[in-house]
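Dumped input33.pdb below, it's PDB, C-alpha atoms:
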```pdb
MODEL        1
ATOM      1  CA  MET A  97       7.322 -14.312 -40.280  1.00  0.00           C
ATOM      2  CA  THR A  98       8.778 -13.378 -36.882  1.00  0.00           C
ATOM      3  CA  ALA A  99       7.289 -15.369 -33.985  1.00  0.00           C
ATOM      4  CA  LEU A 100       5.234 -13.157 -31.679  1.00  0.00           C
ATOM      5  CA  HIS A 101       7.077 -14.440 -28.580  1.00  0.00           C
ATOM      6  CA  GLU A 102      10.609 -14.195 -30.032  1.00  0.00           C
ATOM      7  CA  PRO A 103      12.905 -12.327 -27.587  1.00  0.00           C
ATOM      8  CA  VAL A 104      13.891  -8.831 -28.638  1.00  0.00           C
ATOM      9  CA  THR A 105      15.380  -5.688 -27.108  1.00  0.00           C
ATOM     10  CA  LEU A 106      13.545  -2.447 -27.889  1.00  0.00           C
ATOM     11  CA  ALA A 107      15.211   0.873 -27.103  1.00  0.00           C
ATOM     12  CA  GLY A 108      14.256   4.513 -27.292  1.00  0.00           C
ATOM     13  CA  THR A 109      15.347   7.772 -25.695  1.00  0.00           C
ATOM     14  CA  HIS A 110      13.695   7.215 -22.311  1.00  0.00           C
ATOM     15  CA  VAL A 111      13.369   3.446 -21.986  1.00  0.00           C
ATOM     16  CA  ARG A 112      14.852   0.109 -22.989  1.00  0.00           C
ATOM     17  CA  LEU A 113      12.817  -3.089 -22.960  1.00  0.00           C
ATOM     18  CA  GLU A 114      14.760  -6.320 -22.612  1.00  0.00           C
ATOM     19  CA  LEU A 115      13.886  -9.932 -21.865  1.00  0.00           C
ATOM     20  CA  LEU A 116      12.951 -10.315 -18.194  1.00  0.00           C
ATOM     21  CA  GLU A 117      15.607 -12.323 -16.367  1.00  0.00           C
ATOM     22  CA  PRO A 118      16.469 -13.285 -12.770  1.00  0.00           C
ATOM     23  CA  ARG A 119      19.246 -10.647 -12.750  1.00  0.00           C
ATOM     24  CA  HIS A 120      16.535  -7.950 -12.691  1.00  0.00           C
ATOM     25  CA  GLN A 121      15.194  -9.154  -9.337  1.00  0.00           C
ATOM     26  CA  GLY A 122      17.050  -6.668  -7.124  1.00  0.00           C
ATOM     27  CA  ASP A 123      16.030  -3.597  -9.097  1.00  0.00           C
ATOM     28  CA  LEU A 124      12.435  -4.764  -9.367  1.00  0.00           C
ATOM     29  CA  ALA A 125      12.141  -5.514  -5.654  1.00  0.00           C
ATOM     30  CA  GLU A 126      13.314  -1.946  -5.032  1.00  0.00           C
ATOM     31  CA  ALA A 127      10.943  -0.610  -7.694  1.00  0.00           C
ATOM     32  CA  VAL A 128       7.855  -2.274  -6.278  1.00  0.00           C
ATOM     33  CA  ARG A 129       8.524  -0.659  -2.895  1.00  0.00           C
ATOM     34  CA  ASP A 130       8.201   2.780  -4.536  1.00  0.00           C
ATOM     35  CA  GLY A 131       4.509   3.354  -3.892  1.00  0.00           C
ATOM     36  CA  GLU A 132       3.925  -0.052  -2.241  1.00  0.00           C
ATOM     37  CA  LEU A 133       2.211  -1.121  -5.452  1.00  0.00           C
ATOM     38  CA  TRP A 134       1.275  -4.589  -4.215  1.00  0.00           C
ATOM     39  CA  LYS A 135      -1.234  -3.047  -1.790  1.00  0.00           C
ATOM     40  CA  LEU A 136      -3.594  -1.889  -4.570  1.00  0.00           C
ATOM     41  CA  TRP A 137      -6.463  -4.392  -4.361  1.00  0.00           C
ATOM     42  CA  TYR A 138      -7.510  -3.996  -8.004  1.00  0.00           C
ATOM     43  CA  THR A 139      -4.071  -4.860  -9.407  1.00  0.00           C
ATOM     44  CA  SER A 140      -1.833  -7.922  -9.443  1.00  0.00           C
ATOM     45  CA  VAL A 141       1.643  -6.705  -8.515  1.00  0.00           C
ATOM     46  CA  PRO A 142       4.137  -8.862  -6.600  1.00  0.00           C
ATOM     47  CA  THR A 143       5.401  -8.010  -3.148  1.00  0.00           C
ATOM     48  CA  PRO A 144       9.142  -7.339  -2.880  1.00  0.00           C
ATOM     49  CA  GLU A 145       9.542 -10.887  -1.570  1.00  0.00           C
ATOM     50  CA  GLY A 146       7.457 -12.251  -4.450  1.00  0.00           C
ATOM     51  CA  VAL A 147       9.389 -10.645  -7.306  1.00  0.00           C
ATOM     52  CA  ALA A 148      11.607 -13.686  -7.920  1.00  0.00           C
ATOM     53  CA  ALA A 149       8.592 -15.998  -8.190  1.00  0.00           C
ATOM     54  CA  GLU A 150       6.846 -13.568 -10.546  1.00  0.00           C
ATOM     55  CA  ILE A 151       9.905 -13.446 -12.804  1.00  0.00           C
ATOM     56  CA  GLU A 152       9.954 -17.240 -12.876  1.00  0.00           C
ATOM     57  CA  ARG A 153       6.201 -17.399 -13.616  1.00  0.00           C
ATOM     58  CA  ARG A 154       6.506 -15.052 -16.575  1.00  0.00           C
ATOM     59  CA  ARG A 155       9.560 -16.852 -17.917  1.00  0.00           C
ATOM     60  CA  ASP A 156       7.707 -20.179 -17.711  1.00  0.00           C
ATOM     61  CA  LEU A 157       4.866 -18.687 -19.790  1.00  0.00           C
ATOM     62  CA  HIS A 158       7.435 -17.430 -22.278  1.00  0.00           C
ATOM     63  CA  ALA A 159       8.718 -20.985 -22.643  1.00  0.00           C
ATOM     64  CA  THR A 160       5.204 -22.092 -23.671  1.00  0.00           C
ATOM     65  CA  GLY A 161       4.965 -19.352 -26.313  1.00  0.00           C
ATOM     66  CA  SER A 162       2.056 -17.515 -24.648  1.00  0.00           C
ATOM     67  CA  MET A 163       4.009 -14.555 -23.242  1.00  0.00           C
ATOM     68  CA  LEU A 164       7.048 -12.403 -23.945  1.00  0.00           C
ATOM     69  CA  PRO A 165       8.018 -10.700 -20.657  1.00  0.00           C
ATOM     70  CA  PHE A 166      10.099  -7.533 -20.565  1.00  0.00           C
ATOM     71  CA  ALA A 167      12.029  -5.697 -17.884  1.00  0.00           C
ATOM     72  CA  VAL A 168      11.506  -1.947 -18.274  1.00  0.00           C
ATOM     73  CA  ILE A 169      14.879  -0.184 -17.979  1.00  0.00           C
ATOM     74  CA  ALA A 170      15.138   3.585 -17.481  1.00  0.00           C
ATOM     75  CA  GLN A 171      17.515   5.305 -19.910  1.00  0.00           C
ATOM     76  CA  ARG A 172      17.654   8.748 -18.290  1.00  0.00           C
ATOM     77  CA  GLY A 173      17.831  10.455 -14.921  1.00  0.00           C
ATOM     78  CA  GLU A 174      18.776   9.100 -11.517  1.00  0.00           C
ATOM     79  CA  LEU A 175      17.320   5.693 -12.336  1.00  0.00           C
ATOM     80  CA  ALA A 176      19.190   5.265 -15.630  1.00  0.00           C
ATOM     81  CA  GLY A 177      20.248   1.664 -16.151  1.00  0.00           C
ATOM     82  CA  LYS A 178      17.845   0.324 -13.533  1.00  0.00           C
ATOM     83  CA  ALA A 179      14.801  -1.888 -14.037  1.00  0.00           C
ATOM     84  CA  VAL A 180      11.793   0.210 -13.000  1.00  0.00           C
ATOM     85  CA  GLY A 181       8.954  -2.157 -13.893  1.00  0.00           C
ATOM     86  CA  MET A 182       7.666  -5.045 -15.963  1.00  0.00           C
ATOM     87  CA  THR A 183       5.469  -5.359 -19.033  1.00  0.00           C
ATOM     88  CA  THR A 184       4.573  -8.172 -21.432  1.00  0.00           C
ATOM     89  CA  TYR A 185       3.162  -9.339 -24.688  1.00  0.00           C
ATOM     90  CA  MET A 186       0.657 -11.837 -23.303  1.00  0.00           C
ATOM     91  CA  ASN A 187      -2.247 -14.041 -24.385  1.00  0.00           C
ATOM     92  CA  ILE A 188      -0.359 -14.408 -27.665  1.00  0.00           C
ATOM     93  CA  ASP A 189      -2.559 -15.790 -30.445  1.00  0.00           C
ATOM     94  CA  ALA A 190      -0.142 -16.530 -33.277  1.00  0.00           C
ATOM     95  CA  LEU A 191      -2.795 -17.991 -35.598  1.00  0.00           C
ATOM     96  CA  ASN A 192      -4.906 -14.836 -35.509  1.00  0.00           C
ATOM     97  CA  ARG A 193      -1.947 -12.418 -35.120  1.00  0.00           C
ATOM     98  CA  ARG A 194      -3.297 -10.912 -31.916  1.00  0.00           C
ATOM     99  CA  LEU A 195      -1.748 -10.223 -28.544  1.00  0.00           C
ATOM    100  CA  GLU A 196      -2.341  -8.251 -25.362  1.00  0.00           C
ATOM    101  CA  ILE A 197       0.016  -5.721 -23.810  1.00  0.00           C
ATOM    102  CA  GLY A 198      -0.470  -6.187 -20.095  1.00  0.00           C
ATOM    103  CA  SER A 199       0.704  -7.310 -16.660  1.00  0.00           C
ATOM    104  CA  THR A 200       2.394  -3.920 -16.615  1.00  0.00           C
ATOM    105  CA  TRP A 201       3.556  -1.995 -13.585  1.00  0.00           C
ATOM    106  CA  TYR A 202       6.094   0.784 -12.978  1.00  0.00           C
ATOM    107  CA  ARG A 203       7.546   2.257  -9.843  1.00  0.00           C
ATOM    108  CA  ARG A 204       5.743   5.412  -8.791  1.00  0.00           C
ATOM    109  CA  ALA A 205       8.631   7.713  -9.767  1.00  0.00           C
ATOM    110  CA  VAL A 206       8.168   6.990 -13.489  1.00  0.00           C
ATOM    111  CA  GLN A 207       4.394   6.636 -13.711  1.00  0.00           C
ATOM    112  CA  ARG A 208       2.655   8.999 -16.155  1.00  0.00           C
ATOM    113  CA  SER A 209       5.999   9.924 -17.649  1.00  0.00           C
ATOM    114  CA  ALA A 210       7.600   9.929 -21.090  1.00  0.00           C
ATOM    115  CA  LEU A 211       9.060   6.529 -20.166  1.00  0.00           C
ATOM    116  CA  ASN A 212       5.579   4.978 -20.074  1.00  0.00           C
ATOM    117  CA  THR A 213       4.507   6.653 -23.322  1.00  0.00           C
ATOM    118  CA  GLU A 214       7.647   5.524 -25.124  1.00  0.00           C
ATOM    119  CA  CYS A 215       7.300   2.008 -23.730  1.00  0.00           C
ATOM    120  CA  LYS A 216       3.859   1.681 -25.318  1.00  0.00           C
ATOM    121  CA  ARG A 217       5.126   3.326 -28.531  1.00  0.00           C
ATOM    122  CA  LEU A 218       7.880   0.715 -28.854  1.00  0.00           C
ATOM    123  CA  LEU A 219       5.642  -2.249 -28.074  1.00  0.00           C
ATOM    124  CA  LEU A 220       2.864  -1.139 -30.416  1.00  0.00           C
ATOM    125  CA  ALA A 221       5.272  -0.360 -33.263  1.00  0.00           C
ATOM    126  CA  ARG A 222       6.789  -3.828 -33.072  1.00  0.00           C
ATOM    127  CA  ALA A 223       3.368  -5.471 -32.832  1.00  0.00           C
ATOM    128  CA  PHE A 224       1.949  -3.741 -35.903  1.00  0.00           C
ATOM    129  CA  GLU A 225       5.009  -3.009 -38.038  1.00  0.00           C
ATOM    130  CA  THR A 226       7.195  -6.073 -37.446  1.00  0.00           C
ATOM    131  CA  LEU A 227       4.897  -8.808 -36.177  1.00  0.00           C
ATOM    132  CA  GLY A 228       1.969  -7.944 -38.445  1.00  0.00           C
ATOM    133  CA  CYS A 229      -0.642  -7.979 -35.709  1.00  0.00           C
ATOM    134  CA  ILE A 230      -4.221  -7.225 -36.679  1.00  0.00           C
ATOM    135  CA  ALA A 231      -5.145  -6.053 -33.180  1.00  0.00           C
ATOM    136  CA  VAL A 232      -3.538  -5.366 -29.810  1.00  0.00           C
ATOM    137  CA  GLU A 233      -5.597  -5.605 -26.613  1.00  0.00           C
ATOM    138  CA  PHE A 234      -5.344  -3.974 -23.213  1.00  0.00           C
ATOM    139  CA  ARG A 235      -7.288  -5.241 -20.203  1.00  0.00           C
ATOM    140  CA  THR A 236      -7.745  -3.789 -16.754  1.00  0.00           C
ATOM    141  CA  HIS A 237      -9.963  -3.891 -13.673  1.00  0.00           C
ATOM    142  CA  TRP A 238     -13.127  -1.775 -13.789  1.00  0.00           C
ATOM    143  CA  PHE A 239     -11.971   0.030 -10.631  1.00  0.00           C
ATOM    144  CA  ASN A 240      -8.438   0.717 -11.866  1.00  0.00           C
ATOM    145  CA  GLN A 241      -9.272   4.233 -13.005  1.00  0.00           C
ATOM    146  CA  ALA A 242      -5.643   5.296 -13.482  1.00  0.00           C
ATOM    147  CA  SER A 243      -4.998   2.345 -15.798  1.00  0.00           C
ATOM    148  CA  ARG A 244      -8.205   2.956 -17.751  1.00  0.00           C
ATOM    149  CA  ARG A 245      -7.340   6.628 -18.285  1.00  0.00           C
ATOM    150  CA  GLY A 246      -3.827   5.687 -19.378  1.00  0.00           C
ATOM    151  CA  ILE A 247      -5.110   3.152 -21.912  1.00  0.00           C
ATOM    152  CA  GLU A 248      -7.618   5.652 -23.269  1.00  0.00           C
ATOM    153  CA  ARG A 249      -4.894   8.304 -23.595  1.00  0.00           C
ATOM    154  CA  LEU A 250      -3.071   5.925 -25.941  1.00  0.00           C
ATOM    155  CA  GLY A 251      -6.040   6.011 -28.293  1.00  0.00           C
ATOM    156  CA  ALA A 252      -7.347   2.517 -27.532  1.00  0.00           C
ATOM    157  CA  LYS A 253     -11.110   2.040 -27.727  1.00  0.00           C
ATOM    158  CA  LEU A 254     -13.296   0.198 -25.237  1.00  0.00           C
ATOM    159  CA  ASP A 255     -14.566  -3.045 -26.778  1.00  0.00           C
ATOM    160  CA  GLY A 256     -16.652  -3.933 -23.745  1.00  0.00           C
ATOM    161  CA  VAL A 257     -16.715  -5.118 -20.150  1.00  0.00           C
ATOM    162  CA  LEU A 258     -16.426  -8.777 -19.195  1.00  0.00           C
ATOM    163  CA  ARG A 259     -18.619  -8.841 -16.107  1.00  0.00           C
ATOM    164  CA  SER A 260     -17.733 -11.190 -13.235  1.00  0.00           C
ATOM    165  CA  HIS A 261     -14.814 -12.222 -15.397  1.00  0.00           C
ATOM    166  CA  VAL A 262     -12.335 -13.650 -12.897  1.00  0.00           C
ATOM    167  CA  VAL A 263     -11.977 -14.198  -9.163  1.00  0.00           C
ATOM    168  CA  ASN A 264      -9.783 -11.601  -7.468  1.00  0.00           C
ATOM    169  CA  THR A 265      -7.025 -13.252  -5.437  1.00  0.00           C
ATOM    170  CA  HIS A 266      -5.654 -10.084  -3.794  1.00  0.00           C
ATOM    171  CA  PRO A 267      -5.697 -10.608  -0.003  1.00  0.00           C
ATOM    172  CA  ASP A 268      -7.628  -7.364   0.546  1.00  0.00           C
ATOM    173  CA  ALA A 269     -10.368  -8.423  -1.871  1.00  0.00           C
ATOM    174  CA  ALA A 270     -10.156 -12.205  -1.815  1.00  0.00           C
ATOM    175  CA  GLY A 271     -13.143 -13.897  -3.406  1.00  0.00           C
ATOM    176  CA  THR A 272     -14.542 -10.787  -5.070  1.00  0.00           C
ATOM    177  CA  LEU A 273     -15.231 -10.867  -8.784  1.00  0.00           C
ATOM    178  CA  ARG A 274     -13.398  -8.672 -11.248  1.00  0.00           C
ATOM    179  CA  ASP A 275     -15.187  -6.873 -14.047  1.00  0.00           C
ATOM    180  CA  THR A 276     -12.576  -6.602 -16.821  1.00  0.00           C
ATOM    181  CA  CYS A 277     -12.518  -3.654 -19.228  1.00  0.00           C
ATOM    182  CA  VAL A 278     -11.268  -4.759 -22.648  1.00  0.00           C
ATOM    183  CA  TYR A 279      -9.724  -2.162 -24.968  1.00  0.00           C
ATOM    184  CA  SER A 280      -8.037  -2.558 -28.320  1.00  0.00           C
ATOM    185  CA  ILE A 281      -6.167  -0.818 -31.108  1.00  0.00           C
ATOM    186  CA  VAL A 282      -6.606  -2.373 -34.563  1.00  0.00           C
ATOM    187  CA  ALA A 283      -4.081  -2.227 -37.380  1.00  0.00           C
ATOM    188  CA  ALA A 284      -5.988   0.399 -39.375  1.00  0.00           C
ATOM    189  CA  GLU A 285      -5.862   2.750 -36.368  1.00  0.00           C
ATOM    190  CA  TRP A 286      -2.135   2.396 -35.754  1.00  0.00           C
ATOM    191  CA  PRO A 287      -0.947   5.280 -38.014  1.00  0.00           C
ATOM    192  CA  SER A 288      -3.146   7.764 -36.127  1.00  0.00           C
ATOM    193  CA  VAL A 289      -2.199   6.313 -32.738  1.00  0.00           C
ATOM    194  CA  ARG A 290       1.485   6.447 -33.706  1.00  0.00           C
ATOM    195  CA  ALA A 291       1.186  10.120 -34.681  1.00  0.00           C
ATOM    196  CA  HIS A 292      -0.557  10.843 -31.376  1.00  0.00           C
ATOM    197  CA  LEU A 293       2.148   9.099 -29.327  1.00  0.00           C
ATOM    198  CA  ASP A 294       4.916  10.850 -31.258  1.00  0.00           C
ATOM    199  CA  TYR A 295       3.216  14.170 -30.547  1.00  0.00           C
ATOM    200  CA  GLN A 296       2.992  13.314 -26.834  1.00  0.00           C
ATOM    201  CA  LEU A 297       6.687  12.420 -26.756  1.00  0.00           C
ATOM    202  CA  SER A 298       7.631  15.674 -28.492  1.00  0.00           C
ATOM    203  CA  ARG A 299       5.953  17.834 -25.864  1.00  0.00           C
ATOM    204  CA  PRO A 300       8.107  19.240 -23.052  1.00  0.00           C
ATOM    205  CA  ARG A 301       7.362  17.719 -19.658  1.00  0.00           C
ATOM    206  CA  GLY A 302       7.885  19.184 -16.264  1.00  0.00           C
TER     207      GLY A 302
ENDMDL
END
```
Give the structure from the file, written as structure tokens.
Amino acid sequence: MTALHEPVTLAGTHVRLELLEPRHQGDLAEAVRDGELWKLWYTSVPTPEGVAAEIERRRDLHATGSMLPFAVIAQRGELAGKAVGMTTYMNIDALNRRLEIGSTWYRRAVQRSALNTECKRLLLARAFETLGCIAVEFRTHWFNQASRRGIERLGAKLDGVLRSHVVNTHPDAAGTLRDTCVYSIVAAEWPSVRAHLDYQLSRPRG
């Protein structure tokens, strides 16, 4: 059976996902400036100067088998061919065929777009249809309302809240405790979620 962390390129109409590499640094430093994403205290997004270190961190985790990091490449529009964000398969549990889709961020210009929907469609399809996962998780900060709404729009269900889960290291909230919302999609739900995502992608967008 295919290893959950095996590198792969996934491509659709709006987005291509490819193994995160140092060559993506320039695009991603530009992307993170769009919306100054690192300033959001309830997220963990690198500064432009920290992008190289974040790429290295994710690649080191890939080497251990616990993460498969992707660069998110736009396929259409003015940003076509450019890396516009990062996402990962993370907390990979090969024995129990589970993983989390997370550590995701996109530049503001492509947020809440068909690119994001298709990105999740590609990652979920591979997880359930190729890798044989029994469940895929999503986790986010209690106060990250935009992320929570986005996860719920996918069709994921809230499993629960891990209260005082981890210490927040963001400089604007250093030492505070993060309540983590845990969502999941299980294998039996995937056909309905897939139909929902395909419907979303078929709708015209402004």
For stretch 274-282 of chain A, find every residue with an atom within 9 Å (counting only C-alpha atoms), except residues of its own chain fewer than 3 positions away, and show them as a ChimeraX atom specification. /A:138,196,224,229-239,244,247-248,251-264,285-286,289
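Among the candidates A:Lys178, A:Arg249, A:Arg217, A:Arg172, the residue lying nearest to A:His110 is A:Arg172 (atoms considered: only C-alpha atoms).
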Excluding A:Pro165 and any residue of its chain fewer than 4 positions from it, enumerate the residues within 7 Å of it, using all atoms listed in the file, and give them as a list in words. Leu115, Leu116, Arg154, Arg155, His158, Thr183, Thr184 and Tyr185 of chain A
Between atom CA of A:Leu100 and atom CA of A:Ala176 lies a distance of 28.1 Å
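The gap separating atom CA of A:Leu219 from atom CA of A:Ala205 is 21.1 Å, in Å to one decimal.
Among the candidates A:Leu195, A:Ala170, A:Ala284, A:Ala127, the one nearest to A:Ala210 when counting only C-alpha atoms is A:Ala170.
Using all atoms listed in the file for every distance, the candidate list A:Cys215, A:Leu227, A:Leu124, A:Val147 yields A:Cys215 as the residue closest to A:Gly108.
Among the candidate residues A:Leu250, A:Asp123, A:Thr213, A:Pro103, the one lying nearest to A:Met182 is A:Asp123, with distances computed using only C-alpha atoms.
For the residues A:Asp294, A:Glu214, A:Glu225, A:Asp156, ranking by smallest atom-to-atom distance to A:Leu113 using only C-alpha atoms places A:Glu214 first.
Checking A:Val111, A:Ala148, A:Val180, A:Leu220 one by one against A:Pro287, counting only C-alpha atoms, you find the shortest gap at A:Leu220.
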Can you measure atom CA of A:Arg119 to atom CA of A:Glu152 for me? One decimal in Å is fine. 11.4 Å
Contacts of A:Arg204 at 12 Å or less, counting all atoms listed in the file, minus same-chain residues fewer than 6 places along, as a PyMOL selection string? chain A and resi 126-134+180-181+211-212
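Near A:Arg208, within 10 Å and counting only C-alpha atoms, sit A:Tyr202, A:Ala242, A:Gly246, not including residues fewer than 6 positions from it in the same chain.
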At the level of N, CA, C and O atoms, write stretch 287-301 of chain A to a file as a compact mmCIF listing (two decimals), in the first residue's frame, please.
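Saved as part13.txt:
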```txt
# COMPACT_ATOMS: atom_id res chain seq x y z
N PRO A 287 -18.02 9.96 0.17
CA PRO A 287 -18.81 10.12 -1.06
C PRO A 287 -19.72 11.35 -1.03
O PRO A 287 -19.83 12.06 -2.03
N SER A 288 -20.35 11.61 0.11
CA SER A 288 -21.23 12.79 0.21
C SER A 288 -20.41 14.08 0.21
O SER A 288 -20.79 15.06 -0.43
N VAL A 289 -19.28 14.07 0.92
CA VAL A 289 -18.42 15.26 0.93
C VAL A 289 -17.87 15.53 -0.46
O VAL A 289 -17.83 16.68 -0.92
N ARG A 290 -17.48 14.48 -1.17
CA ARG A 290 -16.97 14.63 -2.53
C ARG A 290 -18.02 15.24 -3.45
O ARG A 290 -17.73 16.17 -4.23
N ALA A 291 -19.26 14.77 -3.35
CA ALA A 291 -20.34 15.33 -4.17
C ALA A 291 -20.56 16.79 -3.84
O ALA A 291 -20.80 17.63 -4.73
N HIS A 292 -20.47 17.14 -2.57
CA HIS A 292 -20.65 18.53 -2.13
C HIS A 292 -19.54 19.42 -2.69
O HIS A 292 -19.81 20.52 -3.21
N LEU A 293 -18.29 18.95 -2.62
CA LEU A 293 -17.17 19.75 -3.14
C LEU A 293 -17.26 19.89 -4.66
O LEU A 293 -16.97 20.96 -5.20
N ASP A 294 -17.65 18.82 -5.34
CA ASP A 294 -17.80 18.90 -6.79
C ASP A 294 -18.89 19.91 -7.17
O ASP A 294 -18.75 20.65 -8.15
N TYR A 295 -19.96 19.92 -6.39
CA TYR A 295 -21.02 20.90 -6.63
C TYR A 295 -20.50 22.32 -6.43
O TYR A 295 -20.76 23.22 -7.25
N GLN A 296 -19.74 22.54 -5.35
CA GLN A 296 -19.17 23.86 -5.09
C GLN A 296 -18.26 24.30 -6.24
O GLN A 296 -18.30 25.47 -6.66
N LEU A 297 -17.47 23.37 -6.75
CA LEU A 297 -16.54 23.72 -7.83
C LEU A 297 -17.27 23.97 -9.14
O LEU A 297 -16.74 24.66 -10.03
N SER A 298 -18.46 23.43 -9.31
CA SER A 298 -19.21 23.62 -10.54
C SER A 298 -19.97 24.93 -10.59
O SER A 298 -20.42 25.37 -11.66
N ARG A 299 -20.08 25.59 -9.43
CA ARG A 299 -20.85 26.84 -9.38
C ARG A 299 -20.01 28.00 -9.90
O ARG A 299 -18.82 28.11 -9.59
N PRO A 300 -20.61 28.89 -10.67
CA PRO A 300 -19.86 30.08 -11.12
C PRO A 300 -19.51 30.96 -9.94
O PRO A 300 -20.29 31.10 -9.00
N ARG A 301 -18.33 31.54 -9.97
CA ARG A 301 -17.87 32.44 -8.92
C ARG A 301 -17.58 33.80 -9.52
O ARG A 301 -17.11 33.92 -10.61
```
